[in-house]
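The structure appears below as structure tokens.
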Amino acid sequence: MPTKTVDITTPDGTADAFVAFPDDGEQHPAVLLYMDALGLRPVIHALAERLAAEGYYVLAPNVYYRQGRAPLFEVPDLSTPEARGAFFETLGPLLQSLTAERVLSDAGAYLDFLAAQPEVRPGPVGSVGYCMGAALAVRTAAAHPDQVAAAAGFHPGRMVTEEPDSPHRLAPQLRAELLFGLAEQDEPMPELDKALDAAGVRYTSEVYPDTAHGFTMSDTAAFSPSGLQLHWDRLLPFFARTLATG
């Protein structure tokens, strides 16, 4: 399976990104895969490759590109609360740099890149995100309702905030179908469900048993093999149906 690093021109510079797609000479639906807060790294590459093996052209951008090319840092041992707290303090400036305006500006560039690739089949696009990436996937779907037909988020973070541009407030703009997989230790999101119900958005939200936040990430202490498998069991049929593959 071909994989490569590509450079994508955005209004703010050049974003590096990881690409994976089937090597069969055919065109395939595109999926925009948003990383978690720990950055674009081998575990994200592996998720992209697994998805590509199912017949998708997958683009996983380094959303921190304004601060440098990936990897920006090594992921330390996060098995203790103290280690997690210290590490996420260092991530603070990176997370704060991802304003809604920047996310949407970048998303347009990513979608334009996908549309220009000869291996990408014209038609609906999917988005999927992990942790903070779930909010980016939903923002992308809300901003591009004619392109993004499906958006998924796993162990999502910051879906409901007090900000006027909180992702849950974007429900009236959504035409995509949504899929959420929450960790057992994640905070419930009743405000999100209420907003989606009020807007008539099609969605599924499920709590995965015996999982901690970050359960899909095999390079962290939160990793759950059963949680990762359940994520695939839900995500693959979701994209197969909504993006009309096979």
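Convention: chains lettered A, B, ... in structure tokens order; per-chain residue numbering from 1; ligands numbered from 1 as shown.
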
From region 46-168 of chain A, collect each residue whose DSSP state is strand (DSSP E) and return the set as a VMD selection string. chain A and resid 57 to 61 125 to 130 148 to 154

Would you mind exporting the chosen residues as a compact mmCIF listing (two decimals), in the first residue's frame, restricted to all heavy atoms?
# COMPACT_ATOMS: atom_id res chain seq x y z
N TYR A 57 -8.90 6.57 0.34
CA TYR A 57 -7.73 7.46 0.25
C TYR A 57 -7.76 8.30 1.52
O TYR A 57 -8.68 9.10 1.73
CB TYR A 57 -7.82 8.34 -0.99
CG TYR A 57 -6.58 9.18 -1.24
CD1 TYR A 57 -5.69 8.85 -2.26
CD2 TYR A 57 -6.31 10.31 -0.47
CE1 TYR A 57 -4.56 9.61 -2.50
CE2 TYR A 57 -5.17 11.08 -0.71
CZ TYR A 57 -4.31 10.72 -1.73
OH TYR A 57 -3.18 11.49 -1.96
N VAL A 58 -6.77 8.12 2.38
CA VAL A 58 -6.79 8.73 3.71
C VAL A 58 -5.71 9.79 3.83
O VAL A 58 -4.53 9.54 3.56
CB VAL A 58 -6.60 7.66 4.81
CG1 VAL A 58 -6.76 8.30 6.19
CG2 VAL A 58 -7.61 6.53 4.63
N LEU A 59 -6.12 10.96 4.27
CA LEU A 59 -5.22 12.08 4.52
C LEU A 59 -5.24 12.41 6.00
O LEU A 59 -6.29 12.70 6.57
CB LEU A 59 -5.67 13.31 3.72
CG LEU A 59 -4.90 14.61 3.99
CD1 LEU A 59 -3.47 14.50 3.47
CD2 LEU A 59 -5.61 15.80 3.35
N ALA A 60 -4.06 12.35 6.65
CA ALA A 60 -3.92 12.67 8.07
C ALA A 60 -2.97 13.85 8.22
O ALA A 60 -1.74 13.68 8.19
CB ALA A 60 -3.40 11.47 8.85
N PRO A 61 -3.50 15.06 8.34
CA PRO A 61 -2.62 16.24 8.40
C PRO A 61 -2.03 16.47 9.78
O PRO A 61 -2.59 16.07 10.81
CB PRO A 61 -3.58 17.38 8.04
CG PRO A 61 -4.92 16.91 8.50
CD PRO A 61 -4.92 15.42 8.32
N VAL A 125 -17.19 12.78 0.98
CA VAL A 125 -15.97 12.62 1.76
C VAL A 125 -16.35 12.29 3.20
O VAL A 125 -17.38 12.75 3.70
CB VAL A 125 -15.13 13.91 1.70
CG1 VAL A 125 -13.91 13.85 2.63
CG2 VAL A 125 -14.70 14.20 0.27
N GLY A 126 -15.50 11.52 3.87
CA GLY A 126 -15.69 11.25 5.28
C GLY A 126 -14.64 11.96 6.12
O GLY A 126 -13.55 12.28 5.63
N SER A 127 -14.96 12.20 7.37
CA SER A 127 -13.97 12.74 8.31
C SER A 127 -14.05 11.94 9.60
O SER A 127 -15.13 11.49 10.00
CB SER A 127 -14.19 14.23 8.59
OG SER A 127 -15.45 14.47 9.21
N VAL A 128 -12.91 11.74 10.23
CA VAL A 128 -12.86 11.03 11.50
C VAL A 128 -11.77 11.66 12.35
O VAL A 128 -10.72 12.06 11.83
CB VAL A 128 -12.60 9.52 11.30
CG1 VAL A 128 -11.30 9.26 10.54
CG2 VAL A 128 -12.58 8.78 12.63
N GLY A 129 -12.05 11.79 13.64
CA GLY A 129 -11.07 12.40 14.52
C GLY A 129 -11.02 11.71 15.87
O GLY A 129 -12.00 11.09 16.31
N TYR A 130 -9.87 11.84 16.51
CA TYR A 130 -9.62 11.19 17.78
C TYR A 130 -9.31 12.26 18.83
O TYR A 130 -8.52 13.17 18.57
CB TYR A 130 -8.46 10.21 17.64
CG TYR A 130 -8.76 9.14 16.62
CD1 TYR A 130 -8.52 9.35 15.26
CD2 TYR A 130 -9.35 7.94 17.00
CE1 TYR A 130 -8.84 8.39 14.31
CE2 TYR A 130 -9.67 6.97 16.06
CZ TYR A 130 -9.41 7.20 14.72
OH TYR A 130 -9.74 6.24 13.78
N VAL A 148 -18.83 16.79 2.90
CA VAL A 148 -18.62 15.81 3.96
C VAL A 148 -19.95 15.15 4.32
O VAL A 148 -20.85 15.80 4.85
CB VAL A 148 -17.98 16.45 5.20
CG1 VAL A 148 -17.75 15.40 6.28
CG2 VAL A 148 -16.66 17.13 4.83
N ALA A 149 -20.06 13.87 4.01
CA ALA A 149 -21.30 13.13 4.23
C ALA A 149 -21.31 12.37 5.54
O ALA A 149 -22.37 11.92 5.98
CB ALA A 149 -21.55 12.17 3.07
N ALA A 150 -20.15 12.18 6.15
CA ALA A 150 -20.06 11.37 7.36
C ALA A 150 -18.91 11.87 8.21
O ALA A 150 -17.82 12.14 7.69
CB ALA A 150 -19.84 9.90 7.01
N ALA A 151 -19.14 11.99 9.52
CA ALA A 151 -18.09 12.42 10.44
C ALA A 151 -18.16 11.56 11.70
O ALA A 151 -19.24 11.33 12.25
CB ALA A 151 -18.26 13.89 10.81
N ALA A 152 -17.00 11.09 12.13
CA ALA A 152 -16.92 10.22 13.31
C ALA A 152 -15.91 10.77 14.30
O ALA A 152 -14.93 11.41 13.91
CB ALA A 152 -16.54 8.80 12.90
N GLY A 153 -16.16 10.51 15.57
CA GLY A 153 -15.23 10.93 16.61
C GLY A 153 -15.14 9.88 17.70
O GLY A 153 -16.16 9.35 18.14
N PHE A 154 -13.90 9.60 18.14
CA PHE A 154 -13.68 8.59 19.16
C PHE A 154 -12.94 9.20 20.35
O PHE A 154 -12.04 9.99 20.17
CB PHE A 154 -12.92 7.40 18.57
CG PHE A 154 -13.73 6.70 17.51
CD1 PHE A 154 -13.59 7.05 16.18
CD2 PHE A 154 -14.66 5.74 17.86
CE1 PHE A 154 -14.35 6.44 15.20
CE2 PHE A 154 -15.44 5.12 16.89
CZ PHE A 154 -15.29 5.47 15.56

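Contact shell of Pro190 (chain A) at 12 Å (only C-alpha atoms; same-chain neighbours under 3 positions omitted): A:Met159, A:Val160, A:His168, A:Glu187, A:Asp193, A:Lys194, A:Ala195, A:Leu196, A:Asp197, A:Ser205.
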
Residues just named, written with N, CA, C and O atoms as a PDB file, in the first residue's frame:
ATOM      1  N   MET A 159     -16.209  18.828  22.804  1.00  0.00           N
ATOM      2  CA  MET A 159     -17.349  18.911  21.902  1.00  0.00           C
ATOM      3  C   MET A 159     -18.391  19.901  22.406  1.00  0.00           C
ATOM      4  O   MET A 159     -19.166  20.441  21.628  1.00  0.00           O
ATOM      5  N   VAL A 160     -18.397  20.104  23.719  1.00  0.00           N
ATOM      6  CA  VAL A 160     -19.343  21.039  24.338  1.00  0.00           C
ATOM      7  C   VAL A 160     -18.565  21.995  25.215  1.00  0.00           C
ATOM      8  O   VAL A 160     -17.937  21.587  26.194  1.00  0.00           O
ATOM      9  N   HIS A 168     -20.932  21.772  19.478  1.00  0.00           N
ATOM     10  CA  HIS A 168     -22.330  21.353  19.590  1.00  0.00           C
ATOM     11  C   HIS A 168     -23.285  22.406  19.059  1.00  0.00           C
ATOM     12  O   HIS A 168     -24.409  22.091  18.662  1.00  0.00           O
ATOM     13  N   GLU A 187     -16.655  12.109  30.003  1.00  0.00           N
ATOM     14  CA  GLU A 187     -17.834  12.804  30.501  1.00  0.00           C
ATOM     15  C   GLU A 187     -18.987  12.618  29.520  1.00  0.00           C
ATOM     16  O   GLU A 187     -18.802  12.699  28.306  1.00  0.00           O
ATOM     17  N   ASP A 193     -26.064  15.737  22.489  1.00  0.00           N
ATOM     18  CA  ASP A 193     -27.200  14.936  22.031  1.00  0.00           C
ATOM     19  C   ASP A 193     -28.440  15.806  21.850  1.00  0.00           C
ATOM     20  O   ASP A 193     -29.172  15.665  20.855  1.00  0.00           O
ATOM     21  N   LYS A 194     -28.675  16.695  22.786  1.00  0.00           N
ATOM     22  CA  LYS A 194     -29.850  17.560  22.719  1.00  0.00           C
ATOM     23  C   LYS A 194     -29.793  18.459  21.479  1.00  0.00           C
ATOM     24  O   LYS A 194     -30.798  18.625  20.768  1.00  0.00           O
ATOM     25  N   ALA A 195     -28.607  19.024  21.206  1.00  0.00           N
ATOM     26  CA  ALA A 195     -28.460  19.906  20.050  1.00  0.00           C
ATOM     27  C   ALA A 195     -28.643  19.134  18.743  1.00  0.00           C
ATOM     28  O   ALA A 195     -29.295  19.628  17.806  1.00  0.00           O
ATOM     29  N   LEU A 196     -28.086  17.937  18.671  1.00  0.00           N
ATOM     30  CA  LEU A 196     -28.225  17.135  17.454  1.00  0.00           C
ATOM     31  C   LEU A 196     -29.662  16.697  17.247  1.00  0.00           C
ATOM     32  O   LEU A 196     -30.176  16.718  16.121  1.00  0.00           O
ATOM     33  N   ASP A 197     -30.333  16.314  18.326  1.00  0.00           N
ATOM     34  CA  ASP A 197     -31.737  15.920  18.219  1.00  0.00           C
ATOM     35  C   ASP A 197     -32.596  17.090  17.737  1.00  0.00           C
ATOM     36  O   ASP A 197     -33.458  16.931  16.862  1.00  0.00           O
ATOM     37  N   SER A 205     -24.339   7.524  19.145  1.00  0.00           N
ATOM     38  CA  SER A 205     -23.365   7.776  20.205  1.00  0.00           C
ATOM     39  C   SER A 205     -23.403   6.602  21.169  1.00  0.00           C
ATOM     40  O   SER A 205     -24.464   6.235  21.675  1.00  0.00           O
TER      41      SER A 205
END

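Nearest residue to Asp233 (chain A) among A:Leu51, A:Leu178, A:Ala143, A:Leu94 is A:Leu51, counting only C-alpha atoms.
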
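Within 9 Å of Leu95 (chain A), once only C-alpha atoms are used and residues closer than 4 positions along the same chain are dropped, the contacting residues are Ala37, Tyr64, Leu91, Thr99 and Met132 of chain A.
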
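Counting only C-alpha atoms, the residue from A:Met189, A:Ala135, A:Leu78, A:Ala83 that sits nearest to Leu104 (chain A) is A:Ala135.
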